[in-house]
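**Student:** First, the structure itself, so that you have it in front of you.
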Amino acid sequence: GLIVLMESFAHPQDYACVFAGVPVSDLVMRLGYHDKDYEDLFAADYHVGKTVRQDIAEYKRRSPVWNVEKLAVPLLVHTTTNDEDVNVIEVEHLVQALKAADKKFEYTIFPEAPGGHSFDRLDTPFARSIRTEIWRFLARHLKPPHPPKAQE
């Protein structure tokens, strides 16, 4: 999610639309609720090279929520309230920022979706219906020759 958001913000001419599923949205916020080991990964020389306290501007630069003004393509965002990796508060912050920037986008926050972070990747009727919604969104903007059909 984070990668497709940041890439579409940087290169909107290369995208017809974007789907961001349970996207990491705010590294500043994220490092506030993850443990020290996670912070150490970001602070490593091969990554950001500093902690969020040492270089908050760099963490903001790498976070979709701080770059929403660059959105120029249709966007669909999905998340769930029980994701143990990307806390729903990050995606809620993204949604608020997109609304404040007056961006047109679609989103759904699924309450307690079975599977948490992987809720749309399971082999269940619920997950299949979510994938169908994603495919329909993509088809509206990509216009494939054989768009997805409704799940029965």
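As shown in the structure tokens, the chain order sets the letters A, B, ...; within each chain, residues go from 1, and ligands are also counted from 1 in the order they appear.
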Just the residues within 9 Å of Val73 in chain A, please, counting only C-alpha atoms, with nothing from its chain fewer than 3 positions along; format it as JSON, numbers by chain.

**Tutor:** {"A": [8, 9, 12, 13, 15, 16, 17, 18, 104, 105]}

**Student:** Among range 58-108 of chain A, which residues carry a DSSP assignment of alpha helix (DSSP H), reported as a ChimeraX atom specification?

**Tutor:** /A:58-61,88-100

**Student:** Between A:Asp102, A:Pro74, A:Val52, A:Asp26, which is the closest to Leu138 in chain A once you count only C-alpha atoms?

**Tutor:**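 Counting only C-alpha atoms, the residue closest to Leu138 in chain A is A:Pro74.
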
**Student:** Check which residues of range 114-145 of chain A sit at most 10 Å from range 78-83 of chain A using only C-alpha atoms, and return one row each with the closest pair of atoms and their distance in Å to one decimal, ordered by chain and rising number, as CSV.

**Tutor:**
```
residue,atom,partner,partner_atom,distance
A:Pro114,CA,A:Asn82,CA,8.4
A:Gly115,CA,A:Asp83,CA,8.2
A:Gly116,CA,A:Asp83,CA,4.4
A:His117,CA,A:Asp83,CA,4.6
A:Ser118,CA,A:Asp83,CA,8.2
A:Phe119,CA,A:Thr80,CA,7.9
A:Asp120,CA,A:His78,CA,9.1
A:Ile130,CA,A:His78,CA,9.2
A:Ile134,CA,A:His78,CA,9.1
```

**Student:** Could the residues in this selection be written to a file with C-alpha atoms, as a PDB file, in the first residue's frame?

**Tutor:**
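The resulting file, again_30.pdb, is reproduced below:
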```pdb
ATOM      1  CA  PRO A 114     -11.622 -12.308   9.543  1.00  0.00           C
ATOM      2  CA  GLY A 115      -7.928 -12.674   8.782  1.00  0.00           C
ATOM      3  CA  GLY A 116      -6.794  -9.249   9.985  1.00  0.00           C
ATOM      4  CA  HIS A 117      -4.013  -7.897   7.756  1.00  0.00           C
ATOM      5  CA  SER A 118      -4.656 -10.644   5.171  1.00  0.00           C
ATOM      6  CA  PHE A 119      -8.449 -10.354   5.245  1.00  0.00           C
ATOM      7  CA  ASP A 120      -8.874  -9.955   1.489  1.00  0.00           C
ATOM      8  CA  ILE A 130     -13.880  -7.942  -1.386  1.00  0.00           C
ATOM      9  CA  ILE A 134     -11.383  -4.344  -5.979  1.00  0.00           C
TER      10      ILE A 134
END
```

**Student:** Would you mind telling me which residue in A:Leu76, A:Val91, A:Val68, A:Leu27 lies nearest to Asp55 in chain A when using only C-alpha atoms?

**Tutor:** A:Leu27

**Student:** Using DSSP assignments from the backbone, pull out every residue in range 2-127 of chain A that falls under strand (DSSP E or B) and give it to me as number ranges by chain.

**Tutor:** A: 18-21, 75-80, 106-110

**Student:** Would you mind exporting N, CA, C and O atoms of the selected residues as an mmCIF file, in the first residue's frame?

**Tutor:**
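Result saved to part-v8.cif:
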```cif
data_model
loop_
_atom_site.group_PDB
_atom_site.id
_atom_site.type_symbol
_atom_site.label_atom_id
_atom_site.label_comp_id
_atom_site.auth_asym_id
_atom_site.auth_seq_id
_atom_site.Cartn_x
_atom_site.Cartn_y
_atom_site.Cartn_z
ATOM 1 N N VAL A 18 -5.374 3.456 -8.525
ATOM 2 C CA VAL A 18 -4.562 2.810 -7.492
ATOM 3 C C VAL A 18 -5.475 2.142 -6.464
ATOM 4 O O VAL A 18 -6.460 2.732 -6.024
ATOM 5 N N PHE A 19 -5.107 0.905 -6.098
ATOM 6 C CA PHE A 19 -5.726 0.240 -4.959
ATOM 7 C C PHE A 19 -4.667 0.106 -3.869
ATOM 8 O O PHE A 19 -3.566 -0.395 -4.129
ATOM 9 N N ALA A 20 -4.988 0.551 -2.665
ATOM 10 C CA ALA A 20 -4.082 0.433 -1.522
ATOM 11 C C ALA A 20 -4.787 -0.368 -0.431
ATOM 12 O O ALA A 20 -5.717 0.127 0.201
ATOM 13 N N GLY A 21 -4.354 -1.603 -0.250
ATOM 14 C CA GLY A 21 -4.931 -2.466 0.778
ATOM 15 C C GLY A 21 -4.107 -2.399 2.045
ATOM 16 O O GLY A 21 -2.893 -2.562 2.003
ATOM 17 N N LEU A 75 -8.504 6.454 -6.512
ATOM 18 C CA LEU A 75 -7.906 5.676 -5.426
ATOM 19 C C LEU A 75 -8.986 4.922 -4.673
ATOM 20 O O LEU A 75 -10.034 5.483 -4.340
ATOM 21 N N LEU A 76 -8.699 3.651 -4.369
ATOM 22 C CA LEU A 76 -9.522 2.828 -3.481
ATOM 23 C C LEU A 76 -8.632 2.346 -2.351
ATOM 24 O O LEU A 76 -7.548 1.811 -2.596
ATOM 25 N N VAL A 77 -9.090 2.555 -1.119
ATOM 26 C CA VAL A 77 -8.349 2.137 0.070
ATOM 27 C C VAL A 77 -9.227 1.181 0.873
ATOM 28 O O VAL A 77 -10.404 1.463 1.099
ATOM 29 N N HIS A 78 -8.625 0.083 1.305
ATOM 30 C CA HIS A 78 -9.301 -0.868 2.202
ATOM 31 C C HIS A 78 -8.433 -1.086 3.435
ATOM 32 O O HIS A 78 -7.208 -1.144 3.336
ATOM 33 N N THR A 79 -9.091 -1.243 4.572
ATOM 34 C CA THR A 79 -8.412 -1.650 5.793
ATOM 35 C C THR A 79 -9.421 -2.345 6.696
ATOM 36 O O THR A 79 -10.601 -2.423 6.375
ATOM 37 N N THR A 80 -8.939 -2.839 7.820
ATOM 38 C CA THR A 80 -9.813 -3.473 8.801
ATOM 39 C C THR A 80 -9.417 -3.010 10.200
ATOM 40 O O THR A 80 -8.268 -2.633 10.435
ATOM 41 N N GLU A 106 -12.217 6.484 -2.817
ATOM 42 C CA GLU A 106 -13.149 5.553 -2.194
ATOM 43 C C GLU A 106 -12.402 4.799 -1.100
ATOM 44 O O GLU A 106 -11.202 4.560 -1.234
ATOM 45 N N TYR A 107 -13.121 4.436 -0.062
ATOM 46 C CA TYR A 107 -12.477 3.655 0.987
ATOM 47 C C TYR A 107 -13.519 2.856 1.753
ATOM 48 O O TYR A 107 -14.704 3.210 1.766
ATOM 49 N N THR A 108 -13.047 1.781 2.347
ATOM 50 C CA THR A 108 -13.868 0.997 3.258
ATOM 51 C C THR A 108 -12.992 0.564 4.424
ATOM 52 O O THR A 108 -11.866 0.093 4.220
ATOM 53 N N ILE A 109 -13.510 0.754 5.622
ATOM 54 C CA ILE A 109 -12.878 0.226 6.830
ATOM 55 C C ILE A 109 -13.778 -0.910 7.301
ATOM 56 O O ILE A 109 -14.890 -0.678 7.760
ATOM 57 N N PHE A 110 -13.301 -2.135 7.125
ATOM 58 C CA PHE A 110 -14.080 -3.313 7.491
ATOM 59 C C PHE A 110 -13.932 -3.579 8.991
ATOM 60 O O PHE A 110 -12.815 -3.686 9.491
#
```

**Student:** Pick the closest to Val95 in chain A from A:Leu142, A:Leu2, A:Val65, A:Met29: which is it, counting only C-alpha atoms?

**Tutor:**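 Nearest to Val95 in chain A: A:Val65.
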
**Student:** Rank nothing, just name the residue among A:Pro64, A:Glu112, A:Arg128, A:Phe42 nearest to Ala97 in chain A, using only C-alpha atoms.

**Tutor:**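 Nearest candidate to Ala97 in chain A out of A:Pro64, A:Glu112, A:Arg128, A:Phe42: A:Pro64.
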